[in-house]
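Quick notes on the structure that follows.
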Amino acid sequence: MRLRDLCVASLGAAVLAAPIVASPALAQNEQFVPLLVYRTGPYAPNGIPLADGQVDYLKLINARDGGINGVTITFEECETQYNNDRGVECYERLKGNGPTGASAFSPFSTGITYALIDRATTDQIPVLSMGYGRADASDGTVFPYVFTLPATYWGQADALIQYISAQEDGNLEGKKIALVYHDSAYGKEPITTLERLSKERGFELSLFPVAHPGLEQKATWLQIGRQLRPDWVLMWGWGVMNSTAIKEAAAVGYPMDRFVGVWWSGAEPDVEPAAAAAKGYKSGAFHAPGADSQMHKDIQELLGDDAADTFGTVLYNRGVINSAIVVEAIRTAMAKYGNKPMTGEQVRWGFENLDLTPERIEEMGMTGFLEPLKITCEDHEGGGKLMVQQWNGEAWEVASDWIEPNREPLRAAYEESAAKYAAEQGITPRDCSKVE
Amino acid sequence: MFYREAGQFKTSYGADQAIFPILQDKLALAGIMAVALFVAPMIASTYWLETILVPFLVFSMAAIGLNILTGYCGQVSLGTGGFMACGAFFAYKLTTAFPDLHIVLVFLLSGLGTAMVGILFGIPSLRIKGFYLAVATLAAQFFLIWMFNKFGWWTNYSASGVISAPPRSVAGDLFITGPLASPIVKYLFLVVFVAVLALIAKNLVRSRIGRSWMAIRDMDIAAEIIGIRPMIAKLSAFAISSFYIGIAGALWAFVYTGSVEALAFEINRSFQVLFMIIIGGLGSILGSFLGAAFIVLLPILLNNLPSLIGVQMSVDLIGHLEFMIFGALIIFFLIVEPHGLARLWQIGKEKLRLWPFPY
């Protein structure tokens with residue numbers, strides 16, 4: 001390389017590197033909602049509908065209601081690739097946007113949630129980890145900025161065992177239940193709860209970790225299908241691991257209707273690759289499948305062709321609910337602080353006083369789609385109800401009533417785990433009786 | 001014209017052996033350090049400090065570590081991720097078991113612990129070489145990650161296997177971990193810490209032990225004949241390399257992300273650091289910094305570029321473009337200069353000395 005080329009190249013690099021700090025156009029009456037999405041990378045099939053749902057609901061609120069109480073919502077996506085480092089980068093990139101900064105972050109990744117807890121607490125921005133992340137963050141006295149509504153993995157584990165117990169006529173004594181899980185922070189979350197339940201209810205729990213990304217499961221399923229032959233199999237999987245597991249389970253002839261996944265293992269991208277083999281497979285959920293609520297009709301009517309291709313799929317619906325909860329938290333905050341853009345701290349107050357009554361859910365057009373929730377200063381989980389859905393070969397359909405997880409033992413476990421975290425981190429838990 | 005050493009006479013052996021024998025280099029280094037210490041904290045935004053400079057410094061440390069082993073001693077290693085995990089988990093266990101232990105001491109001790117593990121996994125290098133050794137170090141990668149994942153003791157029995165860095169300060173209120181840590185303190189701490197350790201590394205590779213590594217790298221039989229003991233040379237390279245990598249892992253978990261699971265140090269992390277030293281330049285401390293900058297900063301730059309130049313693009317398109325351009329640039333640089341960015345700088349330097357009258 002000649003000197004001139006070198007100079008040109010280094011000059012070029014310098015010019016490109018110089019102005020990374022973008023200055024967003026400031027409009028005063030706008031509420032900024034950051035979206036951490038993953039439309040590329042290994043988990044894109046799941047990330048795309050999640051992102052689409054979030055975007056469409058925000059568009060709907062702007063188009064139908066003119067924003068929240070007259071404050072327009074602005075949003076910006078940032079691609080995390082489901083990668084913790086990039087998630088942190090996106091968080092730092094987006095947290096200061098808009099006139100009042102970011103309202104709330106929803107990382108849709110347990111790893112990114114963990115990495116953001118400290119940062120969000122420092123920056124006073126709430127983190128909504130809806131059905132993922134740290135289960136013990138349900139204890140709002142230790143984790144003031146993290147919200148786990150409508151339920152945690154521990155609640156899901158409890159609800160699934162209740163469901164299985166109901167199918168087995170209430171007696172799990174001597175039954176064998178296997179857990180196939182993604183060997184990461186996410187997959188390990190339910191283990192302590194399942195171990196406790198196995199002692200209480202007398203079933204035998206076997207653990208089968210699957211290494212990331214989960215394409216190698218032949219040995220696991222041979223062991224499950226040929227040797228152990230459990231009565232039920234639970235799965236905590238994500239991405240390609242789910243469809244691989246369903247295919248392998250079918251290959252060893254494991255009955256699909258005794259195979260139940262967590263809510264992240266129960267969407268169209270998980271069952272469709274397995275085609276007919278997946279028929280009868282079940283999964284947990286915290287909202288109903290399908291696209292027939294009033295809210296869905298509104299999206300179709302107002303957005304028309306502008307709505308995403310993934311409209312009405314399970315993960316799209318989940319993205320919608322995520323945005324809906326953020327919007328309701330902002331709305332709750334406005335009731336106290338006035339109809340203007342809210343800061344992260346004000347939105348946090350909104351989350352903490354969020355009360356989704358049946359009437360409110362009716363107004364949101366989500367009756368039958370989402371169950372009522374009420375968040376308090378101590379309880380950041382909100383008492384959400386769960387259910388089981390089943391794949392009929394073409395669509396997901398409801399397979400159980402709404403199940404309420406047993407809150408008392410779960411609450412005790414949250415508090416114990418959160419207290420341990422608080423001691424390690426030197427956090428003094430808040431006194432909720434003194435919080436306004 | 002500007003970069004001439006004419007008239008700079010060395011009058012002592014000390015001056016002749018200085019790390020930067022040329023006055024301009026000394027001034028440039030002083031300038032860079034001054035900018036890093038005084039100007040950068042003033043002008044850089046939190047975004048720059050937290051997501052660009054901090055990971056760059058941490059990865060530079062890891063790259064220096066691997067460069068000692070692979071670049072200077074010629075032992076190919078794919079176990080970097082595992083050694084980084086060692087550093088992170090050792091530091092976590094140490095600081096939770098002894099909360100009063102100073103955090104710098106914790107980092108150094110976790111580096112020492114990783115050095116021991118490095119020696120253990122370096123033993124096969126006494127018998128096997130090249131690609132076969134790379135495969136042997138893969139064992140370290142998979143075994144260590146499995147161990148931290150499998151045994152709850154390493155994470156103090158956390159339900160999810162994630163460790164969170166407790167708040168620790170270097171002095172008084174100057175927290176470098178936990179929610180109270182300010183980005184500027186973190187950054188300044190890292191600049192000083194990495195600069196000191198890089199200086200030590202630079203001196204190590206210029207010393208007797210560094211020369212013995214290079215002799216082993218260039219031809220191990222010849223080195224043995226001239227009296228270098230391969231066992232000492234190879235194992236010391238493994239130990240010192242792992243020391244640096246372990247500290248980098250601890251810094252990654254404690255100062256950068258704040259919480260980490262074993263999966264964050266999987267095999268991709270090893271490749272990432274290996275690519276850094278290949279692109280930056282094998283056998284060069286400067287190359288470690290350049291490689292870290294290339295691998296850490298370029299994707300972020302590419303991702304931000306469309307919004308900077310005002311082009312509206314969907315995030316998935318940007319994501320895919322980022323992969324394609326980044327890949328193309330790696331190939332481009334390897335073709336233009338197979339010896340890495342450090343070599344490119346060296347060539348530039350030589351040309352600058354003659355400019356504007358090349359002969």
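Residues are referred to by chain and number: the chain letter is A, B, ... according to the order shown in the structure tokens, the number counts from 1 in that chain, and ligands are numbered separately from 1 in the order shown.
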Near-Ser314 in chain B list (10 Å; only C-alpha atoms; drop same-chain fewer than 5 positions) as an mmCIF file with N, CA and C atoms, in the first residue's frame:
data_model
loop_
_atom_site.group_PDB
_atom_site.id
_atom_site.type_symbol
_atom_site.label_atom_id
_atom_site.label_comp_id
_atom_site.auth_asym_id
_atom_site.auth_seq_id
_atom_site.Cartn_x
_atom_site.Cartn_y
_atom_site.Cartn_z
ATOM 1 N N ARG A 39 -34.384 -8.657 14.478
ATOM 2 C CA ARG A 39 -34.928 -9.088 13.188
ATOM 3 C C ARG A 39 -33.867 -9.837 12.396
ATOM 4 N N GLU A 77 -36.513 1.519 16.490
ATOM 5 C CA GLU A 77 -36.048 0.163 16.715
ATOM 6 C C GLU A 77 -34.527 0.155 16.776
ATOM 7 N N CYS A 78 -33.993 -0.770 17.562
ATOM 8 C CA CYS A 78 -32.549 -0.989 17.549
ATOM 9 C C CYS A 78 -32.324 -2.479 17.537
ATOM 10 N N GLU A 79 -31.447 -2.913 16.654
ATOM 11 C CA GLU A 79 -31.242 -4.338 16.418
ATOM 12 C C GLU A 79 -30.252 -4.910 17.439
ATOM 13 N N PRO B 306 -26.057 4.439 8.791
ATOM 14 C CA PRO B 306 -27.202 4.936 8.016
ATOM 15 C C PRO B 306 -27.897 6.117 8.673
ATOM 16 N N GLY B 319 -28.817 -4.528 9.749
ATOM 17 C CA GLY B 319 -28.146 -5.666 10.384
ATOM 18 C C GLY B 319 -27.470 -6.552 9.359
#
| field | Residues within 10 Å of Leu60 in chain A, only C-alpha atoms, excluding chain neighbours under 2 positions, as JSON, numbers by chain | value | {"A": [55, 56, 57, 58, 62, 63, 64, 65, 66, 67, 295, 296, 298, 299, 300, 301, 302, 303, 307]}
Write the residues of the selection above to a file with N, CA, C and O atoms, as a PDB file, in the first residue's frame.
ATOM      1  N   VAL A  55     -44.662  -2.639  17.227  1.00  0.00           N
ATOM      2  CA  VAL A  55     -44.768  -1.468  16.353  1.00  0.00           C
ATOM      3  C   VAL A  55     -46.225  -1.211  15.979  1.00  0.00           C
ATOM      4  O   VAL A  55     -46.706  -0.077  16.061  1.00  0.00           O
ATOM      5  N   ASP A  56     -46.951  -2.276  15.612  1.00  0.00           N
ATOM      6  CA  ASP A  56     -48.326  -2.083  15.138  1.00  0.00           C
ATOM      7  C   ASP A  56     -49.216  -1.487  16.221  1.00  0.00           C
ATOM      8  O   ASP A  56     -50.070  -0.650  15.931  1.00  0.00           O
ATOM      9  N   TYR A  57     -49.043  -1.924  17.466  1.00  0.00           N
ATOM     10  CA  TYR A  57     -49.910  -1.383  18.506  1.00  0.00           C
ATOM     11  C   TYR A  57     -49.625   0.104  18.724  1.00  0.00           C
ATOM     12  O   TYR A  57     -50.547   0.897  18.901  1.00  0.00           O
ATOM     13  N   LEU A  58     -48.348   0.470  18.695  1.00  0.00           N
ATOM     14  CA  LEU A  58     -48.020   1.896  18.860  1.00  0.00           C
ATOM     15  C   LEU A  58     -48.591   2.712  17.709  1.00  0.00           C
ATOM     16  O   LEU A  58     -49.127   3.811  17.902  1.00  0.00           O
ATOM     17  N   ASN A  62     -51.466   5.766  17.886  1.00  0.00           N
ATOM     18  CA  ASN A  62     -51.298   7.071  17.229  1.00  0.00           C
ATOM     19  C   ASN A  62     -52.413   7.330  16.229  1.00  0.00           C
ATOM     20  O   ASN A  62     -52.941   8.441  16.139  1.00  0.00           O
ATOM     21  N   ALA A  63     -52.796   6.284  15.480  1.00  0.00           N
ATOM     22  CA  ALA A  63     -53.783   6.476  14.407  1.00  0.00           C
ATOM     23  C   ALA A  63     -55.201   6.583  14.970  1.00  0.00           C
ATOM     24  O   ALA A  63     -55.998   7.401  14.524  1.00  0.00           O
ATOM     25  N   ARG A  64     -55.515   5.739  15.972  1.00  0.00           N
ATOM     26  CA  ARG A  64     -56.888   5.676  16.457  1.00  0.00           C
ATOM     27  C   ARG A  64     -57.163   6.769  17.486  1.00  0.00           C
ATOM     28  O   ARG A  64     -58.166   7.468  17.438  1.00  0.00           O
ATOM     29  N   ASP A  65     -56.215   6.930  18.457  1.00  0.00           N
ATOM     30  CA  ASP A  65     -56.479   7.840  19.570  1.00  0.00           C
ATOM     31  C   ASP A  65     -55.676   9.132  19.470  1.00  0.00           C
ATOM     32  O   ASP A  65     -55.764   9.979  20.352  1.00  0.00           O
ATOM     33  N   GLY A  66     -54.855   9.253  18.442  1.00  0.00           N
ATOM     34  CA  GLY A  66     -53.985  10.428  18.361  1.00  0.00           C
ATOM     35  C   GLY A  66     -52.940  10.421  19.459  1.00  0.00           C
ATOM     36  O   GLY A  66     -52.605  11.471  20.011  1.00  0.00           O
ATOM     37  N   GLY A  67     -52.456   9.258  19.795  1.00  0.00           N
ATOM     38  CA  GLY A  67     -51.446   9.146  20.852  1.00  0.00           C
ATOM     39  C   GLY A  67     -52.085   8.865  22.193  1.00  0.00           C
ATOM     40  O   GLY A  67     -53.251   8.486  22.274  1.00  0.00           O
ATOM     41  N   MET A 295     -59.445  -5.202  19.461  1.00  0.00           N
ATOM     42  CA  MET A 295     -58.180  -4.520  19.172  1.00  0.00           C
ATOM     43  C   MET A 295     -57.609  -4.990  17.834  1.00  0.00           C
ATOM     44  O   MET A 295     -57.112  -4.195  17.037  1.00  0.00           O
ATOM     45  N   HIS A 296     -57.688  -6.312  17.572  1.00  0.00           N
ATOM     46  CA  HIS A 296     -57.189  -6.827  16.292  1.00  0.00           C
ATOM     47  C   HIS A 296     -57.981  -6.228  15.130  1.00  0.00           C
ATOM     48  O   HIS A 296     -57.412  -5.878  14.099  1.00  0.00           O
ATOM     49  N   ASP A 298     -59.439  -3.382  15.072  1.00  0.00           N
ATOM     50  CA  ASP A 298     -59.003  -1.990  14.915  1.00  0.00           C
ATOM     51  C   ASP A 298     -57.700  -1.918  14.126  1.00  0.00           C
ATOM     52  O   ASP A 298     -57.537  -1.056  13.255  1.00  0.00           O
ATOM     53  N   ILE A 299     -56.776  -2.797  14.463  1.00  0.00           N
ATOM     54  CA  ILE A 299     -55.485  -2.769  13.749  1.00  0.00           C
ATOM     55  C   ILE A 299     -55.715  -3.022  12.268  1.00  0.00           C
ATOM     56  O   ILE A 299     -55.199  -2.299  11.404  1.00  0.00           O
ATOM     57  N   GLN A 300     -56.561  -4.029  11.966  1.00  0.00           N
ATOM     58  CA  GLN A 300     -56.810  -4.332  10.554  1.00  0.00           C
ATOM     59  C   GLN A 300     -57.476  -3.171   9.842  1.00  0.00           C
ATOM     60  O   GLN A 300     -57.122  -2.835   8.717  1.00  0.00           O
ATOM     61  N   GLU A 301     -58.414  -2.560  10.527  1.00  0.00           N
ATOM     62  CA  GLU A 301     -59.172  -1.487   9.910  1.00  0.00           C
ATOM     63  C   GLU A 301     -58.303  -0.248   9.675  1.00  0.00           C
ATOM     64  O   GLU A 301     -58.287   0.316   8.599  1.00  0.00           O
ATOM     65  N   LEU A 302     -57.584   0.152  10.736  1.00  0.00           N
ATOM     66  CA  LEU A 302     -56.868   1.424  10.666  1.00  0.00           C
ATOM     67  C   LEU A 302     -55.543   1.314   9.944  1.00  0.00           C
ATOM     68  O   LEU A 302     -55.127   2.233   9.251  1.00  0.00           O
ATOM     69  N   LEU A 303     -54.859   0.191  10.118  1.00  0.00           N
ATOM     70  CA  LEU A 303     -53.549   0.087   9.474  1.00  0.00           C
ATOM     71  C   LEU A 303     -53.668  -0.573   8.106  1.00  0.00           C
ATOM     72  O   LEU A 303     -52.855  -0.343   7.231  1.00  0.00           O
ATOM     73  N   ALA A 307     -50.318  -2.989   8.277  1.00  0.00           N
ATOM     74  CA  ALA A 307     -50.067  -3.934   9.360  1.00  0.00           C
ATOM     75  C   ALA A 307     -49.068  -4.987   8.887  1.00  0.00           C
ATOM     76  O   ALA A 307     -48.959  -5.268   7.698  1.00  0.00           O
TER      77      ALA A 307
END
All residues 8 Å or closer to range 65-80 of chain B, only C-alpha atoms, same chain fewer than 3 positions away omitted, as a PDB file with N, CA and C atoms, in the first residue's frame:
ATOM      1  N   MET B  61      -7.248  -5.782  26.354  1.00  0.00           N
ATOM      2  CA  MET B  61      -6.552  -6.578  27.367  1.00  0.00           C
ATOM      3  C   MET B  61      -6.562  -8.058  26.988  1.00  0.00           C
ATOM      4  N   ALA B  62      -7.738  -8.560  26.585  1.00  0.00           N
ATOM      5  CA  ALA B  62      -7.830  -9.968  26.193  1.00  0.00           C
ATOM      6  C   ALA B  62      -6.933 -10.235  24.988  1.00  0.00           C
ATOM      7  N   PHE B  83     -10.948 -19.085  29.461  1.00  0.00           N
ATOM      8  CA  PHE B  83     -10.085 -18.399  30.431  1.00  0.00           C
ATOM      9  C   PHE B  83     -10.722 -17.087  30.893  1.00  0.00           C
ATOM     10  N   MET B  84     -11.418 -16.419  29.975  1.00  0.00           N
ATOM     11  CA  MET B  84     -12.124 -15.202  30.392  1.00  0.00           C
ATOM     12  C   MET B  84     -13.184 -15.558  31.438  1.00  0.00           C
ATOM     13  N   SER B 125       0.751 -28.632  25.378  1.00  0.00           N
ATOM     14  CA  SER B 125       1.568 -27.937  24.384  1.00  0.00           C
ATOM     15  C   SER B 125       3.009 -28.441  24.406  1.00  0.00           C
ATOM     16  N   LYS B 129       1.656 -29.674  18.745  1.00  0.00           N
ATOM     17  CA  LYS B 129       1.848 -28.347  18.164  1.00  0.00           C
ATOM     18  C   LYS B 129       0.751 -28.019  17.170  1.00  0.00           C
ATOM     19  N   GLY B 130       0.686 -26.749  16.819  1.00  0.00           N
ATOM     20  CA  GLY B 130      -0.128 -26.293  15.695  1.00  0.00           C
ATOM     21  C   GLY B 130      -1.601 -26.583  15.874  1.00  0.00           C
ATOM     22  N   PHE B 131      -2.204 -27.103  14.815  1.00  0.00           N
ATOM     23  CA  PHE B 131      -3.650 -27.326  14.828  1.00  0.00           C
ATOM     24  C   PHE B 131      -4.053 -28.310  15.913  1.00  0.00           C
ATOM     25  N   LEU B 133      -2.715 -28.614  18.798  1.00  0.00           N
ATOM     26  CA  LEU B 133      -2.770 -27.884  20.062  1.00  0.00           C
ATOM     27  C   LEU B 133      -4.049 -27.054  20.136  1.00  0.00           C
ATOM     28  N   ALA B 134      -4.435 -26.477  18.994  1.00  0.00           N
ATOM     29  CA  ALA B 134      -5.671 -25.689  18.970  1.00  0.00           C
ATOM     30  C   ALA B 134      -6.842 -26.549  19.427  1.00  0.00           C
ATOM     31  N   VAL B 135      -6.853 -27.790  18.963  1.00  0.00           N
ATOM     32  CA  VAL B 135      -7.942 -28.688  19.352  1.00  0.00           C
ATOM     33  C   VAL B 135      -7.855 -28.989  20.847  1.00  0.00           C
ATOM     34  N   THR B 137      -6.726 -27.028  23.155  1.00  0.00           N
ATOM     35  CA  THR B 137      -7.199 -25.885  23.941  1.00  0.00           C
ATOM     36  C   THR B 137      -8.714 -25.729  23.841  1.00  0.00           C
ATOM     37  N   LEU B 138      -9.297 -26.282  22.773  1.00  0.00           N
ATOM     38  CA  LEU B 138     -10.761 -26.301  22.697  1.00  0.00           C
ATOM     39  C   LEU B 138     -11.334 -27.027  23.906  1.00  0.00           C
ATOM     40  N   ALA B 139     -10.603 -28.049  24.362  1.00  0.00           N
ATOM     41  CA  ALA B 139     -11.056 -28.788  25.539  1.00  0.00           C
ATOM     42  C   ALA B 139     -11.195 -27.843  26.721  1.00  0.00           C
ATOM     43  N   ALA B 140     -10.225 -26.919  26.864  1.00  0.00           N
ATOM     44  CA  ALA B 140     -10.310 -25.950  27.960  1.00  0.00           C
ATOM     45  C   ALA B 140     -11.577 -25.141  27.821  1.00  0.00           C
ATOM     46  N   GLN B 141     -11.817 -24.667  26.597  1.00  0.00           N
ATOM     47  CA  GLN B 141     -13.007 -23.866  26.349  1.00  0.00           C
ATOM     48  C   GLN B 141     -14.271 -24.581  26.804  1.00  0.00           C
ATOM     49  N   VAL B 205       7.775  -8.745  26.605  1.00  0.00           N
ATOM     50  CA  VAL B 205       8.126  -9.341  25.323  1.00  0.00           C
ATOM     51  C   VAL B 205       9.476  -8.832  24.823  1.00  0.00           C
ATOM     52  N   GLY B 210      10.624 -12.907  26.872  1.00  0.00           N
ATOM     53  CA  GLY B 210       9.945 -12.651  25.603  1.00  0.00           C
ATOM     54  C   GLY B 210      10.753 -13.183  24.438  1.00  0.00           C
ATOM     55  N   TRP B 213      10.295 -16.824  24.180  1.00  0.00           N
ATOM     56  CA  TRP B 213       9.017 -17.178  23.518  1.00  0.00           C
ATOM     57  C   TRP B 213       9.166 -17.114  22.002  1.00  0.00           C
ATOM     58  N   MET B 214       9.800 -16.017  21.550  1.00  0.00           N
ATOM     59  CA  MET B 214       9.896 -15.829  20.101  1.00  0.00           C
ATOM     60  C   MET B 214      10.803 -16.882  19.481  1.00  0.00           C
ATOM     61  N   ALA B 215      11.813 -17.287  20.238  1.00  0.00           N
ATOM     62  CA  ALA B 215      12.686 -18.335  19.721  1.00  0.00           C
ATOM     63  C   ALA B 215      11.903 -19.633  19.565  1.00  0.00           C
ATOM     64  N   ILE B 216      11.059 -19.934  20.556  1.00  0.00           N
ATOM     65  CA  ILE B 216      10.236 -21.138  20.479  1.00  0.00           C
ATOM     66  C   ILE B 216       9.276 -21.035  19.295  1.00  0.00           C
ATOM     67  N   ARG B 217       8.718 -19.849  19.100  1.00  0.00           N
ATOM     68  CA  ARG B 217       7.777 -19.656  18.011  1.00  0.00           C
ATOM     69  C   ARG B 217       8.453 -19.879  16.662  1.00  0.00           C
ATOM     70  N   ASP B 218       9.683 -19.319  16.517  1.00  0.00           N
ATOM     71  CA  ASP B 218      10.303 -19.361  15.201  1.00  0.00           C
ATOM     72  C   ASP B 218      10.828 -20.749  14.868  1.00  0.00           C
ATOM     73  N   LYS B 234       7.137 -22.348  27.254  1.00  0.00           N
ATOM     74  CA  LYS B 234       5.742 -22.530  26.834  1.00  0.00           C
ATOM     75  C   LYS B 234       4.795 -22.326  28.009  1.00  0.00           C
ATOM     76  N   ALA B 237       4.437 -18.768  28.950  1.00  0.00           N
ATOM     77  CA  ALA B 237       3.573 -18.051  27.993  1.00  0.00           C
ATOM     78  C   ALA B 237       2.112 -18.329  28.305  1.00  0.00           C
ATOM     79  N   PHE B 238       1.789 -19.596  28.569  1.00  0.00           N
ATOM     80  CA  PHE B 238       0.405 -19.922  28.915  1.00  0.00           C
ATOM     81  C   PHE B 238      -0.028 -19.188  30.186  1.00  0.00           C
ATOM     82  N   ILE B 240       1.191 -16.366  31.647  1.00  0.00           N
ATOM     83  CA  ILE B 240       1.067 -14.911  31.556  1.00  0.00           C
ATOM     84  C   ILE B 240      -0.080 -14.534  30.632  1.00  0.00           C
ATOM     85  N   SER B 241      -0.226 -15.295  29.549  1.00  0.00           N
ATOM     86  CA  SER B 241      -1.352 -15.037  28.649  1.00  0.00           C
ATOM     87  C   SER B 241      -2.673 -15.209  29.393  1.00  0.00           C
ATOM     88  N   SER B 242      -2.787 -16.294  30.162  1.00  0.00           N
ATOM     89  CA  SER B 242      -4.041 -16.531  30.881  1.00  0.00           C
ATOM     90  C   SER B 242      -4.264 -15.478  31.954  1.00  0.00           C
ATOM     91  N   PHE B 243      -3.181 -14.982  32.535  1.00  0.00           N
ATOM     92  CA  PHE B 243      -3.316 -13.919  33.533  1.00  0.00           C
ATOM     93  C   PHE B 243      -4.023 -12.710  32.923  1.00  0.00           C
ATOM     94  N   TYR B 244      -3.545 -12.297  31.762  1.00  0.00           N
ATOM     95  CA  TYR B 244      -4.164 -11.143  31.098  1.00  0.00           C
ATOM     96  C   TYR B 244      -5.601 -11.458  30.687  1.00  0.00           C
ATOM     97  N   ILE B 245      -5.811 -12.634  30.122  1.00  0.00           N
ATOM     98  CA  ILE B 245      -7.150 -12.973  29.634  1.00  0.00           C
ATOM     99  C   ILE B 245      -8.120 -13.086  30.806  1.00  0.00           C
ATOM    100  N   ILE B 267     -17.638 -20.328  22.715  1.00  0.00           N
ATOM    101  CA  ILE B 267     -16.574 -20.434  21.728  1.00  0.00           C
ATOM    102  C   ILE B 267     -16.471 -19.212  20.815  1.00  0.00           C
ATOM    103  N   ARG B 269     -16.630 -16.171  21.587  1.00  0.00           N
ATOM    104  CA  ARG B 269     -15.774 -15.179  22.231  1.00  0.00           C
ATOM    105  C   ARG B 269     -14.310 -15.493  21.917  1.00  0.00           C
ATOM    106  N   SER B 270     -13.953 -16.780  21.949  1.00  0.00           N
ATOM    107  CA  SER B 270     -12.570 -17.172  21.639  1.00  0.00           C
ATOM    108  C   SER B 270     -12.205 -16.766  20.224  1.00  0.00           C
ATOM    109  N   PHE B 271     -13.126 -17.039  19.298  1.00  0.00           N
ATOM    110  CA  PHE B 271     -12.841 -16.682  17.909  1.00  0.00           C
ATOM    111  C   PHE B 271     -12.708 -15.168  17.760  1.00  0.00           C
ATOM    112  N   VAL B 273     -11.633 -12.964  19.862  1.00  0.00           N
ATOM    113  CA  VAL B 273     -10.322 -12.476  20.296  1.00  0.00           C
ATOM    114  C   VAL B 273      -9.235 -12.948  19.335  1.00  0.00           C
ATOM    115  N   LEU B 274      -9.373 -14.168  18.832  1.00  0.00           N
ATOM    116  CA  LEU B 274      -8.385 -14.660  17.875  1.00  0.00           C
ATOM    117  C   LEU B 274      -8.390 -13.803  16.606  1.00  0.00           C
ATOM    118  N   ILE B 277      -6.452 -10.529  17.087  1.00  0.00           N
ATOM    119  CA  ILE B 277      -4.995 -10.499  16.977  1.00  0.00           C
ATOM    120  C   ILE B 277      -4.552 -10.819  15.561  1.00  0.00           C
ATOM    121  N   GLY B 281      -2.559  -7.881  14.202  1.00  0.00           N
ATOM    122  CA  GLY B 281      -1.161  -8.187  13.957  1.00  0.00           C
ATOM    123  C   GLY B 281      -0.636  -9.129  15.021  1.00  0.00           C
ATOM    124  N   LEU B 282      -0.196 -10.313  14.583  1.00  0.00           N
ATOM    125  CA  LEU B 282       0.357 -11.277  15.533  1.00  0.00           C
ATOM    126  C   LEU B 282       1.715 -10.779  15.997  1.00  0.00           C
ATOM    127  N   GLY B 283       1.985 -10.917  17.268  1.00  0.00           N
ATOM    128  CA  GLY B 283       3.279 -10.510  17.781  1.00  0.00           C
ATOM    129  C   GLY B 283       3.438  -9.015  17.839  1.00  0.00           C
ATOM    130  N   SER B 284       2.395  -8.309  18.259  1.00  0.00           N
ATOM    131  CA  SER B 284       2.499  -6.860  18.371  1.00  0.00           C
ATOM    132  C   SER B 284       1.507  -6.389  19.425  1.00  0.00           C
ATOM    133  N   ILE B 285       1.992  -5.608  20.402  1.00  0.00           N
ATOM    134  CA  ILE B 285       1.089  -5.100  21.434  1.00  0.00           C
ATOM    135  C   ILE B 285       0.178  -4.039  20.827  1.00  0.00           C
ATOM    136  N   SER B 288      -2.697  -5.528  19.137  1.00  0.00           N
ATOM    137  CA  SER B 288      -3.814  -5.962  19.972  1.00  0.00           C
ATOM    138  C   SER B 288      -4.842  -4.858  20.103  1.00  0.00           C
TER     139      SER B 288
END
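Proximity to Asp123 in chain A was assessed for A:Glu268, A:Glu189, A:Glu168, A:Glu92 counting only C-alpha atoms; the smallest distance is recorded for A:Glu92.
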| said: When you look at range 19-29 of chain B with a cut-off of 9 Å (counting only C-alpha atoms), what residues show up, excluding the ones that are within fewer than 3 positions of it in the same chain? I need them as an MDAnalysis selection string. | reply: chainID B and resid 2:5 8 10 15:16 32:34 202:203 206
| request: Write down as a ChimeraX atom specification the residues belonging to range 49-133 of chain A that are assigned alpha helix (DSSP H) by DSSP computed on the backbone. | output: /A:49-65,84-94,110-123
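Comparing B:Pro338, B:Gly310, B:Pro358, B:Gly178 by their smallest distance to chain A, the closest is B:Gly178 (using only C-alpha atoms).
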| Point-to-point distance in Å for CA of Ile125 in chain A and CA of Gly284 in chain A | 29.4 Å
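Residue list for chain B within 7 Å of chain A: B:Tyr47, B:Thr51, B:Thr96, B:Ala159, B:Ser160, B:Gly161, B:Val162, B:Pro166, B:Pro167, B:Gly178, B:Pro179, B:Leu180, B:Thr257, B:Gly258, B:Ser259, B:Glu261, B:Leu263, B:Leu308, B:Val315, B:Asp316, B:Gly319, B:Gly348, B:Lys351, counting only C-alpha atoms.
The closest residue to Glu345 in chain A, picked from A:Pro126, A:Gly261, A:Pro405, A:Gly384 and counting only C-alpha atoms, is A:Pro126.
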| field | Within 9 Å of Phe89 in chain B using only C-alpha atoms, minus same-chain residues under 3 positions, as a list in words | value | Met84, Ala85, Cys86, Tyr92, Lys93, Leu94, Ser110, Phe148, Trp154, Thr155, Ile163, Gly249, Ala250, Ala253 and Ala262 of chain B
